[in-house]
There are 2 protein chains.
Amino acid sequence: MEKVNYECRIIGVPKTIDNDLEGTDHCPGYGSAAKYIATSISEVYKDSIVYEAGAITIIEVMGRHAGWLVGASALAGLAGTPPDLIYFPEITFDFESFLNDVESVYKKKKNCLVAVSEGIRFADGNFVSDAKPAAYDGFGHEQLGGLAANLVALAKLRTGAKIRGIELSLLQRSAAHLASQTDIDEAFLAGKSAVELAIAGQSGKMIAFEREYINNSYHCKIITQPLTIAANQEKKVPRNWINEAGTYVTQEFIDYALPLIQGENTRATENGLPRFAQLKKIRAEVNDN
Amino acid sequence: MEKVNYECRIIGVPKTIDNDLEGTDHCPGYGSAAKYIATSISEVYKDSIVYEAGAITIIEVMGRHAGWLVGASALAGLAGTPPDLIYFPEITFDFESFLNDVESVYKKKKNCLVAVSEGIRFADGNFVSDAKPAAYDGFGHEQLGGLAANLVALAKLRTGAKIRGIELSLLQRSAAHLASQTDIDEAFLAGKSAVELAIAGQSGKMIAFEREYINNSYHCKIITQPLTIAANQEKKVPRNWINEAGTYVTQEFIDYALPLIQGENTRATENGLPRFAQLKKIRAEVNDN
């Protein structure tokens, strides 16, 4: 822009529910998606224990390259309704270990709640979601139903248990009715800070969040980073925030994610339905005379 | 019970999100599931129009024998975010008509949002969810992914459009965080009335709801019905509450369902997560002496 002498200031504002951008403590959007995932896991957990006959429930969560979203399922533990197993894209997926893990929980509890990231991959680097069960179970046909359906079909053969697959699909990124107020406030702050920075004449910067604890209480501070920091790399969940077996988070992850889902959004409703903000076109009054 | 002189009073309390019981205006549970479905359709609608490239979105809703739940998707229209097409178990499903309908909406709007009931069936009585695409598209393999995945695979071939399938799965029956306050109040009233009836010495009755309008405002009145009324039959959506083409509801359906989703539930939360009520075991103190 400077080269062509075009006066345009560029300020980046991070946003992704995937939460995988470098240079910022977390991204706007993540807290709300994490809250949706944890809440849904809680509610599905309650649904799964009302039947005498046990069941294995496999819940597929977004996040193709990083396990921030699938890890958020563990927050449901604070409501007394944790998943039993979590599978991260950061950990190589081994189908035999998966079946052994699930079978072992199911045998003990007659119930097993599993959260899997859509991004889990085999040791050869191939996505499990692209796997053809034919290669593993001799069904002799391809699979179209996606990851959860894949794992359900395979685990059913092994355990004989009632198995259900739930894909949180794009519900997890569009469920504004369950947004975290903390996330909404921070997203607003990020946008506001970007505009202020541009007005102040800055350019080539990215707004970022830095976490502070004041009297043990979480606070979010706006900082700026070079715009290039978030390009071409994905921030993964640190290995020591995942347990040794690779099937659950550690306390570090909980401490990181929990503050981000706080605060109930007092959402606007009308007719018992969401009321969406609308930008109204203001028609320029043209005087014909 | 009377025969064997066993003093036990039986009072039925209807409950099913499917809303397909005879003898009652509606069933506890339905209003909350309807609210969840309408809200989710609204949010998915907003998600689907943010991209330049259009998409066809097929949302699978529960209700194996009656279209009360899938019809509730039309309530999203009151938020300005209606589905384009709705497919009911009450209407024979014709695959060619479905493809023509979807293609025609997509060509006009570059977007098409479709709600389908899990219970749609072909003219021969077979569930579409059990269909093997092989029979229709020559893929040469079976399908495991369920109804939405089935229709997605098939419609993709015809339109070439970006198509997404979303199964609301058991999220639609467990999402207590989005319960309708009207539904909660009525469910409480139904249980309370059943207990009162039993205490008063009655038996063999079912609690039911009757709808009243007082000054044009919806009210729910408790009535009693013989316990046998709800057995062995399913209440379908009346044919004249579905439009002539069989692909949307009429105003009668909206007027019926809208009052049932009113009222935001001020749900208890803790740590930003649902707080569930717990029945505590009171240990009987046994005196050994």
# chains A, B, ... in the order shown; residues from 1 in each chain; ligands from 1
call {"tool": "closest_atom_pairs", "arguments": {"of": "chain B", "to": "chain A", "cutoff": "7 Å", "atoms": "only C-alpha atoms", "output": "JSON lines"}}
result
{"residue": "B:Thr39", "atom": "CA", "partner": "A:Leu273", "partner_atom": "CA", "distance": 6.0}
{"residue": "B:Glu43", "atom": "CA", "partner": "A:Ser174", "partner_atom": "CA", "distance": 5.5}
{"residue": "B:Val44", "atom": "CA", "partner": "A:Ser174", "partner_atom": "CA", "distance": 6.2}
{"residue": "B:Asp47", "atom": "CA", "partner": "A:Ser174", "partner_atom": "CA", "distance": 6.2}
{"residue": "B:Ala79", "atom": "CA", "partner": "A:Arg275", "partner_atom": "CA", "distance": 6.3}
{"residue": "B:His141", "atom": "CA", "partner": "A:His141", "partner_atom": "CA", "distance": 5.3}
{"residue": "B:Glu142", "atom": "CA", "partner": "A:His141", "partner_atom": "CA", "distance": 6.6}
{"residue": "B:Gln143", "atom": "CA", "partner": "A:Gln143", "partner_atom": "CA", "distance": 6.8}
{"residue": "B:Leu144", "atom": "CA", "partner": "A:Gly145", "partner_atom": "CA", "distance": 6.3}
{"residue": "B:Gly145", "atom": "CA", "partner": "A:Gly145", "partner_atom": "CA", "distance": 4.0}
{"residue": "B:Ala149", "atom": "CA", "partner": "A:Gly145", "partner_atom": "CA", "distance": 5.9}
{"residue": "B:Ile166", "atom": "CA", "partner": "A:Ser169", "partner_atom": "CA", "distance": 6.5}
{"residue": "B:Ser169", "atom": "CA", "partner": "A:Ile166", "partner_atom": "CA", "distance": 6.5}
{"residue": "B:Leu171", "atom": "CA", "partner": "A:Val44", "partner_atom": "CA", "distance": 6.9}
{"residue": "B:Ser174", "atom": "CA", "partner": "A:Glu43", "partner_atom": "CA", "distance": 5.5}
{"residue": "B:Ala175", "atom": "CA", "partner": "A:Glu43", "partner_atom": "CA", "distance": 6.2}
{"residue": "B:Ile261", "atom": "CA", "partner": "A:Gly272", "partner_atom": "CA", "distance": 5.8}
{"residue": "B:Gln262", "atom": "CA", "partner": "A:Gly272", "partner_atom": "CA", "distance": 4.6}
{"residue": "B:Gly263", "atom": "CA", "partner": "A:Gly272", "partner_atom": "CA", "distance": 6.0}
{"residue": "B:Glu264", "atom": "CA", "partner": "A:Gly272", "partner_atom": "CA", "distance": 7.0}
{"residue": "B:Asn271", "atom": "CA", "partner": "A:Gln262", "partner_atom": "CA", "distance": 6.4}
{"residue": "B:Gly272", "atom": "CA", "partner": "A:Gln262", "partner_atom": "CA", "distance": 4.6}
{"residue": "B:Leu273", "atom": "CA", "partner": "A:Thr39", "partner_atom": "CA", "distance": 6.0}
{"residue": "B:Pro274", "atom": "CA", "partner": "A:Thr39", "partner_atom": "CA", "distance": 6.6}
{"residue": "B:Arg275", "atom": "CA", "partner": "A:Ala79", "partner_atom": "CA", "distance": 6.4}
call {"tool": "select_by_dssp", "arguments": {"residues": "stretch 19-112 of chain A", "states": "helix (DSSP H, G or I)", "output": "PyMOL selection string"}}
result
chain A and resi 30-48+68-79+95-109
call {"tool": "select_by_dssp", "arguments": {"residues": "stretch 26-100 of chain B", "states": "strand (DSSP E or B)", "output": "PyMOL selection string"}}
result
chain B and resi 55-61+85-87
call {"tool": "write_last_selection", "arguments": {"atoms": "C-alpha atoms", "output": "PDB file, in the first residue's frame"}}
result
ATOM      1  CA  ALA B  55     -25.211 -23.861  -0.570  1.00  0.00           C
ATOM      2  CA  ILE B  56     -27.955 -26.374  -0.066  1.00  0.00           C
ATOM      3  CA  THR B  57     -28.426 -27.300   3.589  1.00  0.00           C
ATOM      4  CA  ILE B  58     -30.474 -30.332   4.542  1.00  0.00           C
ATOM      5  CA  ILE B  59     -31.472 -30.551   8.205  1.00  0.00           C
ATOM      6  CA  GLU B  60     -32.808 -33.824   9.580  1.00  0.00           C
ATOM      7  CA  VAL B  61     -35.377 -33.520  12.362  1.00  0.00           C
ATOM      8  CA  LEU B  85     -38.898 -26.569   2.021  1.00  0.00           C
ATOM      9  CA  ILE B  86     -40.228 -28.960   4.658  1.00  0.00           C
ATOM     10  CA  TYR B  87     -40.771 -32.694   4.133  1.00  0.00           C
TER      11      TYR B  87
END
call {"tool": "residues_around", "arguments": {"residues": "A:Val237", "least_positions_apart": "6", "cutoff": "8 Å", "atoms": "only C-alpha atoms", "output": "count of residues only"}}
result
4
